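Asks: Got a structure here, written out as structure tokens. Questions coming.
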Amino acid sequence: MLVKWEGIVIRSVDYGESSKVVTLFTRENGKLAMMARGAKKTKSRLAAVSQLFSHGYYLCKAGPGTGMPDLSQGDIMDSFRELRQSLNTTAYAAYIAELLDRLTHEREPNPFLFQLLLQTFRHLDEGRDPEILCRIFETKMLMVAGISPQLSACVNCGEQREPYAISVSQGGLLCPICQISDPYALAVTPSTWKLLRLFQVFDLERLGDIEVKPATRNQLKHVTRSFMDEHLDLRLKSRAFLEQLERMEKMTQTDRSD
């Protein structure tokens, strides 16, 4: 039986001498793995459509069971060519794709996540701030994983009383009185927790230019990564590579300022 899905390639792994196992995140059926036979061959009609980040319509031959379907052909709608021109932007896209892959199960439809991934890649391709896009995506994936921080009031007493700190272990804001309950609570500025709260409900299609100070950027990253490290067992190769690039960029900026 032939079926057609709209999907984005979030993983592509070599299989044997000439084939690939391609993982799509589809609009209709969530995450799906399929066999792209001969895709490693230069002249294969599947070579382009099986590239990482490609967005298009994929025609697959699916059997009667739940086995891996064969990819028959694809029609690319967007290859996100500009996204690939920068190593830094490509690294962010790879991290976003791997994070989505690790936090979702196969064949669980989620049109919201599909649209979120598609819009994120479109903004990256347009040259929007990859760091802020990554923080927005991480914030929404924390919600998917069920570990989203509570950012409307103190998670301990329920009072709205600033200045807040963020407790990773308790799962959200702590007011000044309750901060004694977690000596490891993260000190953050109002801008940081308010931006995180905005990111939880923010519609990426309305994204404009967001100016964020370096100190706030660092706090945003520290909070989202701390929640993932505390509550999720993830070892992402793409994150390690991205953090290496970030360290190199900081060293370069330091050398320029000297």
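Following the order of the structure tokens, chains are lettered A, B, ..., residues in each are numbered from 1, and ligands are numbered from 1.
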If you count only C-alpha atoms, which residues fall within 12 Å of A:Glu28, apart from same-chain ones fewer than 6 positions away, as a list in words?
Replies: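 Once the nearby chain positions are removed, what remains is Val3, Lys4, Trp5, Glu6, Gly7, Ile8, Tyr57, Tyr58, Glu106, Arg107, Glu108, Pro109, Asn110, Pro111, Phe112, Leu113, Phe114 and Gln115 of chain A.
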Asks: Create the file for the chosen residues now, containing N, CA and C atoms and written as a PDB file, in the first residue's frame.
Replies:
ATOM      1  N   VAL A   3       1.454   5.170   0.689  1.00  0.00           N
ATOM      2  CA  VAL A   3       0.936   6.259   1.517  1.00  0.00           C
ATOM      3  C   VAL A   3       1.824   7.483   1.309  1.00  0.00           C
ATOM      4  N   LYS A   4       1.229   8.655   1.506  1.00  0.00           N
ATOM      5  CA  LYS A   4       1.954   9.905   1.298  1.00  0.00           C
ATOM      6  C   LYS A   4       1.914  10.732   2.569  1.00  0.00           C
ATOM      7  N   TRP A   5       3.096  11.145   3.040  1.00  0.00           N
ATOM      8  CA  TRP A   5       3.194  11.930   4.258  1.00  0.00           C
ATOM      9  C   TRP A   5       3.971  13.217   4.000  1.00  0.00           C
ATOM     10  N   GLU A   6       3.558  14.286   4.674  1.00  0.00           N
ATOM     11  CA  GLU A   6       4.370  15.507   4.703  1.00  0.00           C
ATOM     12  C   GLU A   6       5.305  15.380   5.907  1.00  0.00           C
ATOM     13  N   GLY A   7       6.597  15.529   5.661  1.00  0.00           N
ATOM     14  CA  GLY A   7       7.532  15.308   6.750  1.00  0.00           C
ATOM     15  C   GLY A   7       8.812  16.119   6.639  1.00  0.00           C
ATOM     16  N   ILE A   8       9.560  16.122   7.730  1.00  0.00           N
ATOM     17  CA  ILE A   8      10.874  16.768   7.812  1.00  0.00           C
ATOM     18  C   ILE A   8      11.865  15.714   8.277  1.00  0.00           C
ATOM     19  N   TYR A  57       7.070  16.138   0.672  1.00  0.00           N
ATOM     20  CA  TYR A  57       6.075  15.066   0.679  1.00  0.00           C
ATOM     21  C   TYR A  57       6.780  13.767   0.307  1.00  0.00           C
ATOM     22  N   TYR A  58       6.506  12.724   1.077  1.00  0.00           N
ATOM     23  CA  TYR A  58       7.215  11.457   0.932  1.00  0.00           C
ATOM     24  C   TYR A  58       6.220  10.346   0.641  1.00  0.00           C
ATOM     25  N   GLU A 106       7.607   6.969  18.349  1.00  0.00           N
ATOM     26  CA  GLU A 106       7.169   6.727  16.977  1.00  0.00           C
ATOM     27  C   GLU A 106       5.649   6.628  16.883  1.00  0.00           C
ATOM     28  N   ARG A 107       5.163   7.122  15.767  1.00  0.00           N
ATOM     29  CA  ARG A 107       3.748   7.004  15.385  1.00  0.00           C
ATOM     30  C   ARG A 107       2.802   7.622  16.420  1.00  0.00           C
ATOM     31  N   GLU A 108       3.219   8.730  17.017  1.00  0.00           N
ATOM     32  CA  GLU A 108       2.346   9.510  17.881  1.00  0.00           C
ATOM     33  C   GLU A 108       2.093  10.857  17.208  1.00  0.00           C
ATOM     34  N   PRO A 109       0.959  11.022  16.537  1.00  0.00           N
ATOM     35  CA  PRO A 109       0.696  12.270  15.796  1.00  0.00           C
ATOM     36  C   PRO A 109       0.738  13.486  16.715  1.00  0.00           C
ATOM     37  N   ASN A 110       1.414  14.532  16.243  1.00  0.00           N
ATOM     38  CA  ASN A 110       1.463  15.786  16.997  1.00  0.00           C
ATOM     39  C   ASN A 110       1.661  16.929  16.001  1.00  0.00           C
ATOM     40  N   PRO A 111       0.578  17.383  15.376  1.00  0.00           N
ATOM     41  CA  PRO A 111       0.684  18.465  14.377  1.00  0.00           C
ATOM     42  C   PRO A 111       1.303  19.734  14.954  1.00  0.00           C
ATOM     43  N   PHE A 112       1.088  20.002  16.250  1.00  0.00           N
ATOM     44  CA  PHE A 112       1.691  21.182  16.869  1.00  0.00           C
ATOM     45  C   PHE A 112       3.212  21.112  16.799  1.00  0.00           C
ATOM     46  N   LEU A 113       3.792  19.953  17.160  1.00  0.00           N
ATOM     47  CA  LEU A 113       5.245  19.809  17.133  1.00  0.00           C
ATOM     48  C   LEU A 113       5.784  19.885  15.709  1.00  0.00           C
ATOM     49  N   PHE A 114       5.037  19.318  14.765  1.00  0.00           N
ATOM     50  CA  PHE A 114       5.464  19.416  13.375  1.00  0.00           C
ATOM     51  C   PHE A 114       5.545  20.870  12.936  1.00  0.00           C
ATOM     52  N   GLN A 115       4.523  21.641  13.239  1.00  0.00           N
ATOM     53  CA  GLN A 115       4.503  23.047  12.850  1.00  0.00           C
ATOM     54  C   GLN A 115       5.574  23.831  13.581  1.00  0.00           C
TER      55      GLN A 115
END
Asks: Which of stretch 122-234 of chain A counts as strand (DSSP E or B) under DSSP, as a VMD selection string please?
Replies: chain A and resid 150 165 to 167 172 to 174 186 to 187
Asks: Contacts of A:Leu142 at 10 Å or less, counting only C-alpha atoms, minus same-chain residues fewer than 4 places along, as a ChimeraX atom specification?
Replies: /A:103,137-138,146-149,200,224-225,227-228,231-232
Asks: To one decimal place, how far is atom CA of A:Ile136 from atom CA of A:Pro190 in Å?
Replies: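 Here the two named atoms are 17.1 Å from each other.
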Asks: Just the number, please: distance in Å from atom CA of A:Glu162 to atom CA of A:Met143, one decimal.
Replies: 24.0 Å
Asks: Write out as a PyMOL selection string all residues of stretch 49-122 of chain A that DSSP puts in alpha helix (DSSP H) for this structure's backbone.
Replies: chain A and resi 87-102+111-122
Asks: Any chance you could export the current selection's N, CA and C atoms as a short mmCIF file (atom, residue, chain, number, x, y, z; two decimals), in the first residue's frame?
Replies:
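Contents of out.cif, as written:
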data_model
loop_
_atom_site.label_atom_id
_atom_site.label_comp_id
_atom_site.auth_asym_id
_atom_site.auth_seq_id
_atom_site.Cartn_x
_atom_site.Cartn_y
_atom_site.Cartn_z
N LEU A 87 27.99 26.95 9.73
CA LEU A 87 28.23 25.82 10.63
C LEU A 87 27.49 26.02 11.94
N ASN A 88 27.46 27.26 12.42
CA ASN A 88 26.80 27.56 13.68
C ASN A 88 25.29 27.29 13.60
N THR A 89 24.66 27.78 12.54
CA THR A 89 23.21 27.58 12.37
C THR A 89 22.89 26.11 12.15
N THR A 90 23.72 25.43 11.37
CA THR A 90 23.53 23.99 11.14
C THR A 90 23.62 23.22 12.45
N ALA A 91 24.54 23.62 13.32
CA ALA A 91 24.70 22.95 14.61
C ALA A 91 23.45 23.13 15.48
N TYR A 92 22.88 24.33 15.47
CA TYR A 92 21.64 24.56 16.22
C TYR A 92 20.51 23.71 15.65
N ALA A 93 20.40 23.64 14.32
CA ALA A 93 19.34 22.85 13.69
C ALA A 93 19.50 21.36 14.01
N ALA A 94 20.73 20.87 14.03
CA ALA A 94 20.98 19.47 14.35
C ALA A 94 20.60 19.16 15.79
N TYR A 95 20.89 20.10 16.69
CA TYR A 95 20.53 19.92 18.10
C TYR A 95 19.01 19.91 18.26
N ILE A 96 18.34 20.82 17.60
CA ILE A 96 16.87 20.90 17.67
C ILE A 96 16.25 19.61 17.15
N ALA A 97 16.78 19.09 16.02
CA ALA A 97 16.25 17.86 15.44
C ALA A 97 16.48 16.67 16.37
N GLU A 98 17.68 16.58 16.96
CA GLU A 98 17.98 15.45 17.84
C GLU A 98 17.15 15.53 19.13
N LEU A 99 16.97 16.74 19.65
CA LEU A 99 16.16 16.91 20.86
C LEU A 99 14.73 16.44 20.61
N LEU A 100 14.17 16.83 19.48
CA LEU A 100 12.81 16.38 19.13
C LEU A 100 12.77 14.86 18.98
N ASP A 101 13.77 14.31 18.33
CA ASP A 101 13.83 12.87 18.11
C ASP A 101 13.84 12.11 19.43
N ARG A 102 14.64 12.58 20.39
CA ARG A 102 14.80 11.86 21.65
C ARG A 102 13.60 12.02 22.59
N PRO A 111 0.58 17.38 15.38
CA PRO A 111 0.68 18.47 14.38
C PRO A 111 1.30 19.73 14.95
N PHE A 112 1.09 20.00 16.25
CA PHE A 112 1.69 21.18 16.87
C PHE A 112 3.21 21.11 16.80
N LEU A 113 3.79 19.95 17.16
CA LEU A 113 5.25 19.81 17.13
C LEU A 113 5.78 19.88 15.71
N PHE A 114 5.04 19.32 14.76
CA PHE A 114 5.46 19.42 13.37
C PHE A 114 5.54 20.87 12.94
N GLN A 115 4.52 21.64 13.24
CA GLN A 115 4.50 23.05 12.85
C GLN A 115 5.57 23.83 13.58
N LEU A 116 5.84 23.48 14.85
CA LEU A 116 6.89 24.14 15.62
C LEU A 116 8.25 23.90 14.98
N LEU A 117 8.53 22.66 14.61
CA LEU A 117 9.81 22.33 13.97
C LEU A 117 9.94 23.04 12.62
N LEU A 118 8.89 23.00 11.83
CA LEU A 118 8.91 23.63 10.51
C LEU A 118 9.14 25.13 10.63
N GLN A 119 8.44 25.79 11.54
CA GLN A 119 8.58 27.23 11.70
C GLN A 119 9.97 27.58 12.23
N THR A 120 10.49 26.76 13.13
CA THR A 120 11.84 27.01 13.66
C THR A 120 12.87 26.94 12.55
N PHE A 121 12.79 25.92 11.71
CA PHE A 121 13.73 25.77 10.60
C PHE A 121 13.58 26.92 9.59
N ARG A 122 12.35 27.36 9.38
CA ARG A 122 12.14 28.49 8.46
C ARG A 122 12.81 29.75 8.98
#
Asks: Quick one: pull the distance between atom CA of A:Arg128 and atom CA of A:Leu207, Å, one decimal.
Replies: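 Atom CA of A:Leu207 lies 9.3 Å from atom CA of A:Arg128.
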Asks: Would you mind listing what lies within 12 Å of A:Gly56 as an MDAnalysis selection string, with only C-alpha atoms counted and same-chain residues fewer than 4 positions away left out?
Replies: chainID A and resid 4:9 24:27 48:52 73:80 118
Asks: Go ahead and dump the residues you just picked, N, CA, C and O atoms, as an mmCIF file, in the first residue's frame.
Replies:
data_model
loop_
_atom_site.group_PDB
_atom_site.id
_atom_site.type_symbol
_atom_site.label_atom_id
_atom_site.label_comp_id
_atom_site.auth_asym_id
_atom_site.auth_seq_id
_atom_site.Cartn_x
_atom_site.Cartn_y
_atom_site.Cartn_z
ATOM 1 N N LYS A 4 1.229 8.655 1.506
ATOM 2 C CA LYS A 4 1.954 9.905 1.298
ATOM 3 C C LYS A 4 1.914 10.732 2.569
ATOM 4 O O LYS A 4 0.832 10.959 3.124
ATOM 5 N N TRP A 5 3.096 11.145 3.040
ATOM 6 C CA TRP A 5 3.194 11.930 4.258
ATOM 7 C C TRP A 5 3.971 13.217 4.000
ATOM 8 O O TRP A 5 4.935 13.229 3.221
ATOM 9 N N GLU A 6 3.558 14.286 4.674
ATOM 10 C CA GLU A 6 4.370 15.507 4.703
ATOM 11 C C GLU A 6 5.305 15.380 5.907
ATOM 12 O O GLU A 6 4.852 15.150 7.034
ATOM 13 N N GLY A 7 6.597 15.529 5.661
ATOM 14 C CA GLY A 7 7.532 15.308 6.750
ATOM 15 C C GLY A 7 8.812 16.119 6.639
ATOM 16 O O GLY A 7 9.112 16.719 5.598
ATOM 17 N N ILE A 8 9.560 16.122 7.730
ATOM 18 C CA ILE A 8 10.874 16.768 7.812
ATOM 19 C C ILE A 8 11.865 15.714 8.277
ATOM 20 O O ILE A 8 11.603 14.994 9.253
ATOM 21 N N VAL A 9 13.001 15.625 7.604
ATOM 22 C CA VAL A 9 14.025 14.639 7.975
ATOM 23 C C VAL A 9 14.730 15.113 9.239
ATOM 24 O O VAL A 9 15.377 16.161 9.245
ATOM 25 N N LEU A 24 11.621 10.564 9.666
ATOM 26 C CA LEU A 24 10.836 11.765 9.396
ATOM 27 C C LEU A 24 10.014 12.126 10.623
ATOM 28 O O LEU A 24 9.569 11.252 11.361
ATOM 29 N N PHE A 25 9.808 13.420 10.813
ATOM 30 C CA PHE A 25 8.736 13.841 11.712
ATOM 31 C C PHE A 25 7.626 14.341 10.810
ATOM 32 O O PHE A 25 7.777 15.356 10.126
ATOM 33 N N THR A 26 6.527 13.618 10.788
ATOM 34 C CA THR A 26 5.465 13.904 9.828
ATOM 35 C C THR A 26 4.326 14.674 10.479
ATOM 36 O O THR A 26 4.106 14.599 11.686
ATOM 37 N N ARG A 27 3.612 15.394 9.646
ATOM 38 C CA ARG A 27 2.442 16.123 10.125
ATOM 39 C C ARG A 27 1.317 15.165 10.524
ATOM 40 O O ARG A 27 0.601 15.398 11.502
ATOM 41 N N ALA A 48 18.583 13.382 -2.516
ATOM 42 C CA ALA A 48 18.284 14.730 -2.029
ATOM 43 C C ALA A 48 17.208 14.708 -0.949
ATOM 44 O O ALA A 48 17.313 15.389 0.069
ATOM 45 N N VAL A 49 16.175 13.902 -1.166
ATOM 46 C CA VAL A 49 15.040 13.921 -0.230
ATOM 47 C C VAL A 49 15.370 13.263 1.111
ATOM 48 O O VAL A 49 14.625 13.421 2.079
ATOM 49 N N SER A 50 16.486 12.540 1.172
ATOM 50 C CA SER A 50 16.865 11.885 2.421
ATOM 51 C C SER A 50 17.890 12.691 3.222
ATOM 52 O O SER A 50 18.358 12.235 4.259
ATOM 53 N N GLN A 51 18.212 13.895 2.759
ATOM 54 C CA GLN A 51 19.159 14.741 3.477
ATOM 55 C C GLN A 51 18.521 15.321 4.732
ATOM 56 O O GLN A 51 17.337 15.658 4.755
ATOM 57 N N LEU A 52 19.342 15.467 5.768
ATOM 58 C CA LEU A 52 18.885 16.014 7.038
ATOM 59 C C LEU A 52 18.262 17.398 6.833
ATOM 60 O O LEU A 52 18.780 18.213 6.058
ATOM 61 N N GLN A 73 9.563 7.605 -3.224
ATOM 62 C CA GLN A 73 9.990 8.858 -3.840
ATOM 63 C C GLN A 73 9.596 10.021 -2.936
ATOM 64 O O GLN A 73 8.816 9.868 -2.000
ATOM 65 N N GLY A 74 10.184 11.185 -3.212
ATOM 66 C CA GLY A 74 9.879 12.366 -2.421
ATOM 67 C C GLY A 74 9.847 13.609 -3.281
ATOM 68 O O GLY A 74 10.488 13.674 -4.331
ATOM 69 N N ASP A 75 9.094 14.573 -2.812
ATOM 70 C CA ASP A 75 8.983 15.856 -3.501
ATOM 71 C C ASP A 75 9.357 16.943 -2.495
ATOM 72 O O ASP A 75 8.604 17.240 -1.570
ATOM 73 N N ILE A 76 10.558 17.526 -2.659
ATOM 74 C CA ILE A 76 11.059 18.497 -1.690
ATOM 75 C C ILE A 76 10.327 19.823 -1.831
ATOM 76 O O ILE A 76 10.241 20.395 -2.919
ATOM 77 N N MET A 77 9.819 20.318 -0.711
ATOM 78 C CA MET A 77 9.206 21.638 -0.671
ATOM 79 C C MET A 77 10.232 22.686 -0.246
ATOM 80 O O MET A 77 10.187 23.825 -0.692
ATOM 81 N N ASP A 78 11.138 22.310 0.642
ATOM 82 C CA ASP A 78 12.164 23.237 1.113
ATOM 83 C C ASP A 78 13.350 22.437 1.644
ATOM 84 O O ASP A 78 13.184 21.586 2.514
ATOM 85 N N SER A 79 14.534 22.701 1.118
ATOM 86 C CA SER A 79 15.743 22.026 1.590
ATOM 87 C C SER A 79 16.465 22.852 2.644
ATOM 88 O O SER A 79 17.474 22.407 3.194
ATOM 89 N N PHE A 80 15.958 24.065 2.922
ATOM 90 C CA PHE A 80 16.573 24.987 3.890
ATOM 91 C C PHE A 80 18.069 25.174 3.575
ATOM 92 O O PHE A 80 18.936 24.976 4.420
ATOM 93 N N LEU A 118 8.885 22.998 11.832
ATOM 94 C CA LEU A 118 8.910 23.625 10.510
ATOM 95 C C LEU A 118 9.142 25.130 10.626
ATOM 96 O O LEU A 118 9.979 25.701 9.909
#
Asks: Would you list the contacts of A:Arg197 as a VMD selection string, taking every protein, DNA or RNA residue within 9 Å and counting only C-alpha atoms, but skipping same-chain residues closer than 6 positions in sequence?
Replies: chain A and resid 139 149 to 152
Asks: Can I get the selected residues back with N, CA and C atoms, as a JSON list (two decimals), in the first residue's frame?
Replies:
[["chain", "number", "residue", "atom", "x", "y", "z"],
["A", 139, "THR", "N", 12.24, 25.42, 25.55],
["A", 139, "THR", "CA", 11.17, 25.69, 26.51],
["A", 139, "THR", "C", 9.92, 24.90, 26.18],
["A", 149, "PRO", "N", 8.88, 24.36, 33.83],
["A", 149, "PRO", "CA", 8.87, 25.10, 35.09],
["A", 149, "PRO", "C", 7.60, 25.90, 35.29],
["A", 150, "GLN", "N", 7.16, 26.01, 36.53],
["A", 150, "GLN", "CA", 6.00, 26.80, 36.89],
["A", 150, "GLN", "C", 6.46, 28.24, 37.11],
["A", 151, "LEU", "N", 5.95, 29.16, 36.30],
["A", 151, "LEU", "CA", 6.50, 30.51, 36.26],
["A", 151, "LEU", "C", 5.46, 31.60, 36.50],
["A", 152, "SER", "N", 4.35, 31.25, 37.10],
["A", 152, "SER", "CA", 3.31, 32.26, 37.36],
["A", 152, "SER", "C", 3.31, 32.73, 38.81]]
Asks: Between A:Ile166, A:Ala33, A:Met141, A:Ala153, which residue has the minimum interatomic distance to A:Ile180, considering only C-alpha atoms?
Replies: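 Using only C-alpha atoms, A:Ile180 sits closest to A:Ile166.
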